[in-house]
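Engineer: One structure is given below, represented as structure tokens, and several questions about it will come after.
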Amino acid sequence: MGLTIGVDIGGTKIAAGVVDEEGNILSTHKVPTPGTPDAIVDAIASAVDGARVGHEIVGVGIGAAGYVNRQRSTVYFAPNIDWRQEPLKEKVELRVGLPVVVENDANAAAWGEYRFGAGKGHRNVICITLGTGLGGGIIIGNKLRRGHFGVAAEFGHIRMVPDGLLCGCGSQGCWEQYASGRALVRYAKQRANATPERAEFLLGLGDGTPEGIEGKHISMAARQGDPVAVDSYRELARWAGAGLADLASLFDPSAFIVGGGLSDEGELVLDPIRKSYKRWLVGGNWRPVADVIAAQLGNKAGLVGAADLARQPDPIM
């Protein structure tokens, strides 16, 4: 069907890229993410116009963090942008003069991995993104499954702990409160505060206090064997693996693809996730066990996936 443009709306920048049918990015253009909904529409149009120079484009796919309707046109609700029933498809089409589809950003990343990354060769995969929060996507029978209203696979807001930690969504005990970048930092701060003598290397990477610990410090310290940093990753992995075991009972995939920033740590996080998953998988000693594998496309997955979804007349059931 030709070249399409994928748009990834991030917290600090909006990236647009021209993508071919093999998932190769041919050109990109980035603009800062503004602070108001209308300005974001302008910025999306500007990024698309910048990327399309010199290319014949047939469509645009936009990955947005939020609940997107079944028709891939309206953002019901976005937690970090003041979008409520936002007709994003219509607004952007008026600005760029091209067909536009809107997709949840985690779904777009999952589709990108399925088509061009770690999911190649699989028909049934579940993707989770372990970043600041926790997102995901469902591909069953080679199709992206988004549910009747279009908002399936919000895995991060499965309630893992009744009356647990308060989540930004307003509920309590959501999975992402226990398996995400925010959770990892919380674990490290709590442990460093309780036993600072076990966190000397970790504390030395910040300002010397538990409050000064950041995600990058935990990663660096864990690679050096800092006990608190390693234990913090293990705690995150325990919750991540337990959640995958529940998803296996629901979907029975051949593979779980783990993406997001935390997956960049490779086996440091993947190996304990696999162990936890097998520990909590019902009948795990007697049934086939899905692979738990790292995503391959990194931060390009959402852009590539959104671009490819723009080629799909209706890849969803």
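A note on labels: chains of the structure tokens are A, B, ... as shown, every chain counts residues from 1, and ligands are counted from 1 in their shown order.
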As a PyMOL selection string, list the residues of stretch 79-262 of chain A assigned to strand (DSSP E or B) by DSSP on the backbone atoms of this structure.

Structural biologist: chain A and resi 84-86+100-104+125-130+134-140+143-144+159+166+172+174+255-259

Engineer: Excluding A:His29 and residues on its chain fewer than 2 positions from it, collect all residues at most 6 Å away from it, counting only C-alpha atoms, and give them as an mmCIF file with N, CA and C atoms, in the first residue's frame.

Structural biologist:
data_model
loop_
_atom_site.group_PDB
_atom_site.id
_atom_site.type_symbol
_atom_site.label_atom_id
_atom_site.label_comp_id
_atom_site.auth_asym_id
_atom_site.auth_seq_id
_atom_site.Cartn_x
_atom_site.Cartn_y
_atom_site.Cartn_z
ATOM 1 N N ALA A 15 7.198 12.554 17.798
ATOM 2 C CA ALA A 15 8.031 12.072 16.697
ATOM 3 C C ALA A 15 7.156 11.511 15.598
ATOM 4 N N ALA A 16 7.441 11.892 14.368
ATOM 5 C CA ALA A 16 6.771 11.333 13.192
ATOM 6 C C ALA A 16 7.830 10.699 12.309
ATOM 7 N N ALA A 47 4.841 17.830 12.757
ATOM 8 C CA ALA A 47 5.756 16.689 12.681
ATOM 9 C C ALA A 47 5.504 15.868 11.423
ATOM 10 N N GLY A 50 6.811 17.711 8.419
ATOM 11 C CA GLY A 50 8.268 17.660 8.355
ATOM 12 C C GLY A 50 8.791 16.316 7.879
ATOM 13 N N ALA A 51 8.139 15.240 8.306
ATOM 14 C CA ALA A 51 8.612 13.900 7.939
ATOM 15 C C ALA A 51 8.287 13.547 6.501
#

Engineer: Using atom CA of A:Met1 and atom CA of A:Glu103 as the two end points, give the distance in Å to one decimal.

Structural biologist: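 Separation of atom CA of A:Met1 and atom CA of A:Glu103: 19.1 Å.
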
Engineer: Which residues are near stretch 130-141 of chain A? Cut-off 9 Å, only C-alpha atoms, ignore same chain within fewer than 5 positions. Put them as a PDB file with N, CA, C and O atoms, in the first residue's frame.

Structural biologist:
ATOM      1  N   ASP A 105      -1.158   3.824  22.324  1.00  0.00           N
ATOM      2  CA  ASP A 105       0.274   3.721  22.064  1.00  0.00           C
ATOM      3  C   ASP A 105       0.848   2.343  22.421  1.00  0.00           C
ATOM      4  O   ASP A 105       1.728   1.828  21.721  1.00  0.00           O
ATOM      5  N   ALA A 106       0.334   1.725  23.484  1.00  0.00           N
ATOM      6  CA  ALA A 106       0.827   0.387  23.837  1.00  0.00           C
ATOM      7  C   ALA A 106       0.380  -0.646  22.808  1.00  0.00           C
ATOM      8  O   ALA A 106       1.126  -1.566  22.470  1.00  0.00           O
ATOM      9  N   ASN A 107      -0.838  -0.503  22.292  1.00  0.00           N
ATOM     10  CA  ASN A 107      -1.288  -1.380  21.211  1.00  0.00           C
ATOM     11  C   ASN A 107      -0.419  -1.210  19.973  1.00  0.00           C
ATOM     12  O   ASN A 107      -0.075  -2.186  19.292  1.00  0.00           O
ATOM     13  N   ALA A 108      -0.088   0.037  19.668  1.00  0.00           N
ATOM     14  CA  ALA A 108       0.762   0.288  18.498  1.00  0.00           C
ATOM     15  C   ALA A 108       2.131  -0.353  18.679  1.00  0.00           C
ATOM     16  O   ALA A 108       2.670  -0.966  17.746  1.00  0.00           O
ATOM     17  N   ALA A 109       2.704  -0.245  19.871  1.00  0.00           N
ATOM     18  CA  ALA A 109       4.003  -0.859  20.133  1.00  0.00           C
ATOM     19  C   ALA A 109       3.918  -2.384  20.043  1.00  0.00           C
ATOM     20  O   ALA A 109       4.807  -3.043  19.491  1.00  0.00           O
ATOM     21  N   ALA A 110       2.831  -2.947  20.573  1.00  0.00           N
ATOM     22  CA  ALA A 110       2.641  -4.393  20.493  1.00  0.00           C
ATOM     23  C   ALA A 110       2.553  -4.857  19.043  1.00  0.00           C
ATOM     24  O   ALA A 110       3.151  -5.870  18.654  1.00  0.00           O
ATOM     25  N   TRP A 111       1.807  -4.115  18.245  1.00  0.00           N
ATOM     26  CA  TRP A 111       1.672  -4.472  16.828  1.00  0.00           C
ATOM     27  C   TRP A 111       3.011  -4.364  16.106  1.00  0.00           C
ATOM     28  O   TRP A 111       3.365  -5.207  15.274  1.00  0.00           O
ATOM     29  N   TYR A 114       5.019  -7.399  17.058  1.00  0.00           N
ATOM     30  CA  TYR A 114       4.439  -8.589  16.417  1.00  0.00           C
ATOM     31  C   TYR A 114       4.803  -8.652  14.929  1.00  0.00           C
ATOM     32  O   TYR A 114       5.190  -9.707  14.423  1.00  0.00           O
ATOM     33  N   HIS A 122       5.052 -15.703  15.402  1.00  0.00           N
ATOM     34  CA  HIS A 122       4.032 -16.080  16.380  1.00  0.00           C
ATOM     35  C   HIS A 122       2.655 -15.636  15.887  1.00  0.00           C
ATOM     36  O   HIS A 122       2.519 -14.574  15.274  1.00  0.00           O
ATOM     37  N   ARG A 123       1.636 -16.436  16.204  1.00  0.00           N
ATOM     38  CA  ARG A 123       0.254 -16.052  15.924  1.00  0.00           C
ATOM     39  C   ARG A 123      -0.443 -15.478  17.146  1.00  0.00           C
ATOM     40  O   ARG A 123      -1.378 -14.695  17.012  1.00  0.00           O
ATOM     41  N   ASN A 124       0.022 -15.879  18.333  1.00  0.00           N
ATOM     42  CA  ASN A 124      -0.651 -15.500  19.572  1.00  0.00           C
ATOM     43  C   ASN A 124       0.379 -14.997  20.571  1.00  0.00           C
ATOM     44  O   ASN A 124       1.145 -15.800  21.143  1.00  0.00           O
ATOM     45  N   VAL A 125       0.446 -13.697  20.751  1.00  0.00           N
ATOM     46  CA  VAL A 125       1.412 -13.114  21.684  1.00  0.00           C
ATOM     47  C   VAL A 125       0.719 -12.059  22.539  1.00  0.00           C
ATOM     48  O   VAL A 125      -0.243 -11.413  22.116  1.00  0.00           O
ATOM     49  N   ARG A 146      -8.853  -5.570  20.557  1.00  0.00           N
ATOM     50  CA  ARG A 146      -9.047  -4.343  21.328  1.00  0.00           C
ATOM     51  C   ARG A 146     -10.393  -4.313  22.059  1.00  0.00           C
ATOM     52  O   ARG A 146     -10.711  -3.336  22.711  1.00  0.00           O
ATOM     53  N   ALA A 152      -9.494  -2.522  25.300  1.00  0.00           N
ATOM     54  CA  ALA A 152      -8.921  -3.698  25.972  1.00  0.00           C
ATOM     55  C   ALA A 152      -7.412  -3.535  26.150  1.00  0.00           C
ATOM     56  O   ALA A 152      -6.791  -2.644  25.574  1.00  0.00           O
ATOM     57  N   ALA A 153      -6.855  -4.443  26.948  1.00  0.00           N
ATOM     58  CA  ALA A 153      -5.401  -4.560  27.187  1.00  0.00           C
ATOM     59  C   ALA A 153      -4.839  -3.447  28.049  1.00  0.00           C
ATOM     60  O   ALA A 153      -3.644  -3.167  27.999  1.00  0.00           O
ATOM     61  N   GLU A 154      -5.678  -2.806  28.870  1.00  0.00           N
ATOM     62  CA  GLU A 154      -5.153  -1.868  29.862  1.00  0.00           C
ATOM     63  C   GLU A 154      -4.690  -2.694  31.069  1.00  0.00           C
ATOM     64  O   GLU A 154      -5.226  -2.599  32.175  1.00  0.00           O
ATOM     65  N   PHE A 155      -3.643  -3.486  30.822  1.00  0.00           N
ATOM     66  CA  PHE A 155      -3.188  -4.434  31.833  1.00  0.00           C
ATOM     67  C   PHE A 155      -2.731  -3.759  33.116  1.00  0.00           C
ATOM     68  O   PHE A 155      -2.853  -4.322  34.206  1.00  0.00           O
ATOM     69  N   GLY A 156      -2.172  -2.576  32.982  1.00  0.00           N
ATOM     70  CA  GLY A 156      -1.638  -1.896  34.153  1.00  0.00           C
ATOM     71  C   GLY A 156      -2.675  -1.611  35.207  1.00  0.00           C
ATOM     72  O   GLY A 156      -2.330  -1.386  36.379  1.00  0.00           O
ATOM     73  N   HIS A 157      -3.961  -1.643  34.823  1.00  0.00           N
ATOM     74  CA  HIS A 157      -5.018  -1.301  35.770  1.00  0.00           C
ATOM     75  C   HIS A 157      -5.862  -2.505  36.167  1.00  0.00           C
ATOM     76  O   HIS A 157      -6.972  -2.352  36.665  1.00  0.00           O
ATOM     77  N   TRP A 175      -1.948  -3.228  38.960  1.00  0.00           N
ATOM     78  CA  TRP A 175      -0.707  -3.951  38.662  1.00  0.00           C
ATOM     79  C   TRP A 175       0.471  -3.001  38.489  1.00  0.00           C
ATOM     80  O   TRP A 175       1.579  -3.281  38.962  1.00  0.00           O
ATOM     81  N   GLU A 176       0.274  -1.861  37.814  1.00  0.00           N
ATOM     82  CA  GLU A 176       1.404  -0.985  37.546  1.00  0.00           C
ATOM     83  C   GLU A 176       1.954  -0.325  38.800  1.00  0.00           C
ATOM     84  O   GLU A 176       3.058   0.222  38.785  1.00  0.00           O
ATOM     85  N   GLN A 177       1.214  -0.370  39.894  1.00  0.00           N
ATOM     86  CA  GLN A 177       1.752   0.134  41.149  1.00  0.00           C
ATOM     87  C   GLN A 177       2.787  -0.819  41.754  1.00  0.00           C
ATOM     88  O   GLN A 177       3.504  -0.452  42.690  1.00  0.00           O
ATOM     89  N   ALA A 179       4.557  -3.234  39.428  1.00  0.00           N
ATOM     90  CA  ALA A 179       5.467  -3.669  38.363  1.00  0.00           C
ATOM     91  C   ALA A 179       5.587  -2.551  37.337  1.00  0.00           C
ATOM     92  O   ALA A 179       4.889  -2.542  36.322  1.00  0.00           O
ATOM     93  N   SER A 180       6.475  -1.606  37.616  1.00  0.00           N
ATOM     94  CA  SER A 180       6.682  -0.463  36.721  1.00  0.00           C
ATOM     95  C   SER A 180       7.932   0.280  37.190  1.00  0.00           C
ATOM     96  O   SER A 180       8.505  -0.038  38.242  1.00  0.00           O
ATOM     97  N   GLY A 181       8.337   1.267  36.410  1.00  0.00           N
ATOM     98  CA  GLY A 181       9.474   2.077  36.813  1.00  0.00           C
ATOM     99  C   GLY A 181       9.231   2.808  38.121  1.00  0.00           C
ATOM    100  O   GLY A 181      10.133   2.925  38.963  1.00  0.00           O
ATOM    101  N   ARG A 182       8.024   3.319  38.293  1.00  0.00           N
ATOM    102  CA  ARG A 182       7.704   3.997  39.559  1.00  0.00           C
ATOM    103  C   ARG A 182       7.814   3.030  40.734  1.00  0.00           C
ATOM    104  O   ARG A 182       8.326   3.385  41.797  1.00  0.00           O
ATOM    105  N   ALA A 183       7.303   1.822  40.537  1.00  0.00           N
ATOM    106  CA  ALA A 183       7.372   0.826  41.609  1.00  0.00           C
ATOM    107  C   ALA A 183       8.823   0.497  41.945  1.00  0.00           C
ATOM    108  O   ALA A 183       9.189   0.371  43.125  1.00  0.00           O
ATOM    109  N   ALA A 240       5.682  -8.739  38.291  1.00  0.00           N
ATOM    110  CA  ALA A 240       5.497  -8.834  36.839  1.00  0.00           C
ATOM    111  C   ALA A 240       5.206 -10.270  36.429  1.00  0.00           C
ATOM    112  O   ALA A 240       4.293 -10.545  35.641  1.00  0.00           O
ATOM    113  N   PHE A 251      -5.320 -15.947  28.174  1.00  0.00           N
ATOM    114  CA  PHE A 251      -5.068 -15.884  26.729  1.00  0.00           C
ATOM    115  C   PHE A 251      -4.248 -17.048  26.181  1.00  0.00           C
ATOM    116  O   PHE A 251      -4.263 -17.276  24.974  1.00  0.00           O
ATOM    117  N   PRO A 253      -0.978 -17.519  25.405  1.00  0.00           N
ATOM    118  CA  PRO A 253      -0.162 -17.182  24.233  1.00  0.00           C
ATOM    119  C   PRO A 253       1.034 -18.114  24.094  1.00  0.00           C
ATOM    120  O   PRO A 253       1.397 -18.841  25.031  1.00  0.00           O
ATOM    121  N   VAL A 258       8.228  -8.619  26.413  1.00  0.00           N
ATOM    122  CA  VAL A 258       8.392  -7.600  27.447  1.00  0.00           C
ATOM    123  C   VAL A 258       9.172  -6.432  26.857  1.00  0.00           C
ATOM    124  O   VAL A 258      10.331  -6.579  26.456  1.00  0.00           O
ATOM    125  N   GLY A 259       8.509  -5.283  26.769  1.00  0.00           N
ATOM    126  CA  GLY A 259       9.143  -4.079  26.254  1.00  0.00           C
ATOM    127  C   GLY A 259       9.122  -2.970  27.286  1.00  0.00           C
ATOM    128  O   GLY A 259       8.911  -3.192  28.472  1.00  0.00           O
ATOM    129  N   GLY A 260       9.328  -1.746  26.832  1.00  0.00           N
ATOM    130  CA  GLY A 260       9.415  -0.617  27.744  1.00  0.00           C
ATOM    131  C   GLY A 260      10.831  -0.425  28.245  1.00  0.00           C
ATOM    132  O   GLY A 260      11.715  -1.276  28.056  1.00  0.00           O
ATOM    133  N   GLY A 261      11.065   0.688  28.901  1.00  0.00           N
ATOM    134  CA  GLY A 261      12.414   1.038  29.333  1.00  0.00           C
ATOM    135  C   GLY A 261      13.079   0.008  30.221  1.00  0.00           C
ATOM    136  O   GLY A 261      14.294  -0.224  30.121  1.00  0.00           O
ATOM    137  N   LEU A 262      12.313  -0.645  31.093  1.00  0.00           N
ATOM    138  CA  LEU A 262      12.910  -1.613  32.008  1.00  0.00           C
ATOM    139  C   LEU A 262      13.430  -2.843  31.276  1.00  0.00           C
ATOM    140  O   LEU A 262      14.347  -3.516  31.757  1.00  0.00           O
ATOM    141  N   SER A 263      12.855  -3.146  30.106  1.00  0.00           N
ATOM    142  CA  SER A 263      13.334  -4.319  29.355  1.00  0.00           C
ATOM    143  C   SER A 263      14.733  -4.101  28.802  1.00  0.00           C
ATOM    144  O   SER A 263      15.402  -5.066  28.409  1.00  0.00           O
TER     145      SER A 263
END

Engineer: Skip A:Tyr67 itself and residues of its chain fewer than 4 positions away, then list as a short mmCIF file (atom, residue, chain, number, x, y, z; two decimals) with C-alpha atoms, in the first residue's frame all residues within 12 Å of it, counting only C-alpha atoms.

Structural biologist:
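Result saved to out_16.cif:
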data_model
loop_
_atom_site.label_atom_id
_atom_site.label_comp_id
_atom_site.auth_asym_id
_atom_site.auth_seq_id
_atom_site.Cartn_x
_atom_site.Cartn_y
_atom_site.Cartn_z
CA GLY A 63 -0.12 6.31 18.88
CA GLN A 71 -13.39 3.12 15.18
CA ARG A 72 -9.81 4.31 15.76
CA SER A 73 -10.87 7.93 15.64
CA THR A 74 -11.67 9.40 19.06
CA VAL A 75 -9.66 9.46 22.28
CA TYR A 76 -12.19 8.79 25.02
CA PHE A 77 -9.79 9.73 27.78
CA ALA A 78 -6.07 10.45 28.08
CA PRO A 79 -4.51 10.54 31.55
CA ASN A 80 -1.68 12.96 30.74
CA ILE A 81 -3.37 15.20 28.15
CA TRP A 83 -8.38 14.94 25.98
CA ARG A 84 -11.96 13.91 26.75
CA GLN A 85 -13.96 12.57 23.77
CA GLU A 86 -11.30 14.15 21.55
CA VAL A 102 -5.62 6.69 16.01
CA GLU A 103 -4.39 3.85 18.20
CA ASN A 104 -3.50 3.38 21.83
CA ASP A 105 0.27 3.72 22.06
CA ALA A 106 0.83 0.39 23.84
CA ASN A 107 -1.29 -1.38 21.21
CA GLY A 135 0.76 -1.12 29.30
CA ARG A 146 -9.05 -4.34 21.33
CA GLY A 147 -12.44 -5.43 22.64
CA PHE A 149 -15.36 -0.62 22.77
CA GLY A 150 -11.70 -0.52 21.72
CA VAL A 151 -10.13 -0.17 25.15
CA ALA A 152 -8.92 -3.70 25.97
CA ALA A 153 -5.40 -4.56 27.19
CA GLU A 154 -5.15 -1.87 29.86
#

Engineer: Write down as a ChimeraX atom specification the residues belonging to stretch 161-314 of chain A that are assigned helix (DSSP H, G or I) by DSSP computed on the backbone.

Structural biologist: /A:175-177,181-194,196-198,200-205,210-212,215-223,227-251,261-265,267-280,298-309

Engineer: Can I get the selection written as a CSV table (one decimal), in the first residue's frame, with C-alpha atoms?

Structural biologist:
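Heads up, here's the output in result-v6.csv:
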chain,number,residue,atom,x,y,z
A,175,TRP,CA,-0.7,-4.0,38.7
A,176,GLU,CA,1.4,-1.0,37.5
A,177,GLN,CA,1.8,0.1,41.1
A,181,GLY,CA,9.5,2.1,36.8
A,182,ARG,CA,7.7,4.0,39.6
A,183,ALA,CA,7.4,0.8,41.6
A,184,LEU,CA,11.1,0.0,41.2
A,185,VAL,CA,12.1,3.4,42.5
A,186,ARG,CA,9.7,3.0,45.4
A,187,TYR,CA,11.1,-0.4,46.3
A,188,ALA,CA,14.7,0.9,46.2
A,189,LYS,CA,13.9,4.0,48.4
A,190,GLN,CA,12.1,1.9,51.0
A,191,ARG,CA,15.0,-0.7,51.2
A,192,ALA,CA,17.7,1.9,51.2
A,193,ASN,CA,15.9,3.8,54.0
A,194,ALA,CA,15.5,0.5,56.1
A,196,PRO,CA,21.3,2.0,54.2
A,197,GLU,CA,24.4,-0.2,54.8
A,198,ARG,CA,23.3,-2.5,52.1
A,200,GLU,CA,26.2,2.1,49.8
A,201,PHE,CA,26.9,2.0,46.1
A,202,LEU,CA,23.3,2.9,45.2
A,203,LEU,CA,23.2,5.9,47.5
A,204,GLY,CA,26.5,7.1,46.3
A,205,LEU,CA,25.1,7.5,42.8
A,210,PRO,CA,17.1,7.4,49.7
A,211,GLU,CA,15.0,10.4,48.5
A,212,GLY,CA,17.7,11.1,45.8
A,215,GLY,CA,15.7,4.8,38.1
A,216,LYS,CA,19.0,5.2,36.3
A,217,HIS,CA,20.9,4.8,39.6
A,218,ILE,CA,19.1,1.5,40.4
A,219,SER,CA,20.1,0.1,37.0
A,220,MET,CA,23.7,1.1,37.4
A,221,ALA,CA,23.9,-0.2,40.9
A,222,ALA,CA,22.2,-3.5,40.1
A,223,ARG,CA,24.8,-4.2,37.4
A,227,PRO,CA,22.1,-5.7,47.2
A,228,VAL,CA,19.3,-3.2,47.5
A,229,ALA,CA,19.2,-2.5,43.8
A,230,VAL,CA,19.2,-6.2,42.9
A,231,ASP,CA,16.5,-6.9,45.5
A,232,SER,CA,14.4,-4.1,44.1
A,233,TYR,CA,14.5,-5.6,40.6
A,234,ARG,CA,13.6,-9.0,42.0
A,235,GLU,CA,10.6,-7.5,43.8
A,236,LEU,CA,9.4,-5.9,40.6
A,237,ALA,CA,10.0,-9.1,38.7
A,238,ARG,CA,8.0,-11.1,41.3
A,239,TRP,CA,4.9,-8.9,40.6
A,240,ALA,CA,5.5,-8.8,36.8
A,241,GLY,CA,5.8,-12.6,36.6
A,242,ALA,CA,2.7,-13.2,38.8
A,243,GLY,CA,0.7,-10.9,36.4
A,244,LEU,CA,1.9,-12.8,33.4
A,245,ALA,CA,0.7,-16.1,35.0
A,246,ASP,CA,-2.8,-14.6,35.3
A,247,LEU,CA,-2.6,-13.4,31.6
A,248,ALA,CA,-1.6,-16.9,30.6
A,249,SER,CA,-4.8,-18.3,32.2
A,250,LEU,CA,-6.8,-15.8,30.1
A,251,PHE,CA,-5.1,-15.9,26.7
A,261,GLY,CA,12.4,1.0,29.3
A,262,LEU,CA,12.9,-1.6,32.0
A,263,SER,CA,13.3,-4.3,29.4
A,264,ASP,CA,16.6,-2.6,28.3
A,265,GLU,CA,18.2,-4.2,31.3
A,267,GLU,CA,18.4,-10.7,31.7
A,268,LEU,CA,18.7,-8.6,34.9
A,269,VAL,CA,14.9,-8.2,34.8
A,270,LEU,CA,13.8,-11.0,32.3
A,271,ASP,CA,15.3,-13.9,34.2
A,272,PRO,CA,13.6,-13.2,37.5
A,273,ILE,CA,10.3,-12.5,35.6
A,274,ARG,CA,10.5,-15.9,34.0
A,275,LYS,CA,11.1,-17.6,37.4
A,276,SER,CA,8.2,-15.8,39.0
A,277,TYR,CA,5.9,-16.5,36.0
A,278,LYS,CA,6.7,-20.2,36.2
A,279,ARG,CA,6.2,-20.1,40.0
A,280,TRP,CA,2.7,-18.7,39.8
A,298,GLY,CA,13.0,-0.4,21.5
A,299,ASN,CA,11.5,3.0,21.5
A,300,LYS,CA,10.8,2.7,17.7
A,301,ALA,CA,8.0,0.1,18.3
A,302,GLY,CA,5.2,2.5,18.8
A,303,LEU,CA,6.0,4.6,15.8
A,304,VAL,CA,6.6,1.6,13.5
A,305,GLY,CA,3.4,-0.1,14.8
A,306,ALA,CA,1.2,3.0,14.3
A,307,ALA,CA,2.5,3.4,10.8
A,308,ASP,CA,1.7,-0.2,9.9
A,309,LEU,CA,-1.8,0.0,11.5

Engineer: May I ask for the distance between atom CA of A:Glu22 and atom CA of A:Thr129, given in Å to one decimal place?

Structural biologist: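 That distance, rounded to one decimal, is 22.8 Å.
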
Engineer: Just the residues within 8 Å of A:Gly173, please, counting only C-alpha atoms, with nothing from its chain fewer than 3 positions along; format it as a count of residues only.

Structural biologist: 10

Engineer: What gap, in Å, lies between atom CA of A:Asp20 and atom CA of A:Gly266?

Structural biologist: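 These two atoms are separated by 28.4 Å.
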
Engineer: Compare A:Val31, A:Ala199, A:Val92, A:Val100 by their minimum atom-to-atom distance to A:Gly6, counting only C-alpha atoms, and give me the closest one.

Structural biologist: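 Under the stated criterion, the closest residue is A:Val100.
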
Engineer: Would you list the contacts of stretch 285-297 of chain A as a list in words, taking every protein, DNA or RNA residue within 6 Å and counting only C-alpha atoms, but skipping same-chain residues closer than 5 positions in sequence?

Structural biologist: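 The neighbour list is Gly117, Ala118, Ser254, Ala255, Phe256, Ile257, Val258 and Gly259 of chain A.
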
Engineer: With N, CA and C atoms retained, export the selected residues as a short mmCIF file (atom, residue, chain, number, x, y, z; two decimals), in the first residue's frame.

Structural biologist:
data_model
loop_
_atom_site.label_atom_id
_atom_site.label_comp_id
_atom_site.auth_asym_id
_atom_site.auth_seq_id
_atom_site.Cartn_x
_atom_site.Cartn_y
_atom_site.Cartn_z
N GLY A 117 9.29 -7.28 14.98
CA GLY A 117 10.26 -7.48 16.04
C GLY A 117 10.23 -8.87 16.64
N ALA A 118 10.15 -8.93 17.96
CA ALA A 118 10.26 -10.20 18.67
C ALA A 118 9.10 -11.14 18.42
N SER A 254 1.67 -18.06 22.94
CA SER A 254 2.91 -18.81 22.76
C SER A 254 4.10 -18.04 23.32
N ALA A 255 3.94 -16.71 23.45
CA ALA A 255 5.05 -15.90 23.96
C ALA A 255 4.52 -14.63 24.62
N PHE A 256 5.23 -14.20 25.63
CA PHE A 256 5.07 -12.87 26.20
C PHE A 256 6.26 -12.03 25.76
N ILE A 257 5.98 -10.88 25.20
CA ILE A 257 7.03 -9.96 24.79
C ILE A 257 7.08 -8.83 25.81
N VAL A 258 8.23 -8.62 26.41
CA VAL A 258 8.39 -7.60 27.45
C VAL A 258 9.17 -6.43 26.86
N GLY A 259 8.51 -5.28 26.77
CA GLY A 259 9.14 -4.08 26.25
C GLY A 259 9.12 -2.97 27.29
#

Engineer: Taking only C-alpha atoms into account, name the residue in A:Ser171, A:Gly17, A:Ile213, A:Leu144 that is nearest to A:Asp49.

Structural biologist: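 For A:Asp49, the nearest of the candidates is A:Gly17.
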